[in-house]
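Here's the structure we're looking at; comments come further down.
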Amino acid sequence: MELAWRRHAACRGLDPEIFYPVVDDDVDDAKVVCGECGVRETCLEFALQRREKEGVWGGATEKERRRILRQRRRAS
Ligand code: SF4
C-alpha cells in the first residue's frame with residue numbers, strides 16, 4: 001500500500017534511529033522534527049489505527065499514543 005503522505009514527511013531520509021530511541025528520554029530530537037512536519041496529524045492517526053508499538057509517530061511516543069487512545073475511549 002502506498003502511503004502518499006509519507007512523501008511529505010519531515011523525517012524522510014533522516015536516520016530512523018532518531019525515531020526509535022532505546023529510552024523514552026531520548027525522544028526530543030524526533031519531537032522537534034515531528035513538530036515541523038506538515039503531515040504530523042496523518043502520521044499520528046496512522047500509528048494510532050495500527051496500534052504501533054514502537055517509535056515516535058506524529059510527535060507521540062508509544063506511551064503517549066496509548067494515553068490518546070485511552071482518552072478517546074473515555075470520551076466516546
Ligand atoms: S510526524 Fe514525525 S514521524 Fe510522522 S512523518 Fe512527520 S516527521 Fe515523520
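In the C-alpha cells, each chain is lettered A, B, ... as it comes, each chain's residues begin at 1, and ligands are numbered from 1 in order of appearance.
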* Residues within 9 Å of ligand 1 (only C-alpha atoms and all ligand atoms), as a PyMOL selection string? -> chain A and resi 5-12+19+30-44+47+55-60
Could you list, as number ranges by chain, every residue within 8 Å of stretch 20-26 of chain A, counting only C-alpha atoms and ignoring same-chain residues fewer than 3 positions away? A: 16-17, 29, 54-56, 61
**Asked** Which parts of stretch 33-64 of chain A does DSSP call alpha helix (DSSP H) when run on the backbone here, written out as a PyMOL selection string?
**Response** chain A and resi 33-35+40-50+62-64
Atoms to include: C-alpha atoms. Write the selected residues as a tab-separated table (two decimals), in the first residue's frame.
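What ended up in selection.tsv:
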chain	number	residue	atom	x	y	z
A	33	VAL	CA	11.32	17.08	13.60
A	34	CYS	CA	7.69	15.99	14.03
A	35	GLY	CA	6.80	19.46	15.30
A	40	ARG	CA	2.02	15.15	11.59
A	41	GLU	CA	-1.72	14.61	12.14
A	42	THR	CA	-1.97	12.00	9.40
A	43	CYS	CA	1.10	10.23	10.72
A	44	LEU	CA	-0.27	10.15	14.25
A	45	GLU	CA	-3.64	8.80	13.13
A	46	PHE	CA	-1.91	6.14	11.06
A	47	ALA	CA	0.08	4.98	14.10
A	48	LEU	CA	-3.00	5.07	16.33
A	49	GLN	CA	-5.01	2.98	13.89
A	50	ARG	CA	-2.26	0.41	13.59
A	62	GLU	CA	4.07	4.72	22.31
A	63	LYS	CA	3.15	5.70	25.86
A	64	GLU	CA	1.62	8.96	24.67
- So how far away is atom CA of A:Arg72 from atom CA of A:Arg51, in Å?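 These atoms are spaced 13.7 Å apart.
In this structure, atom CA of A:Leu14 sits 25.3 Å away from atom CA of A:Arg66.
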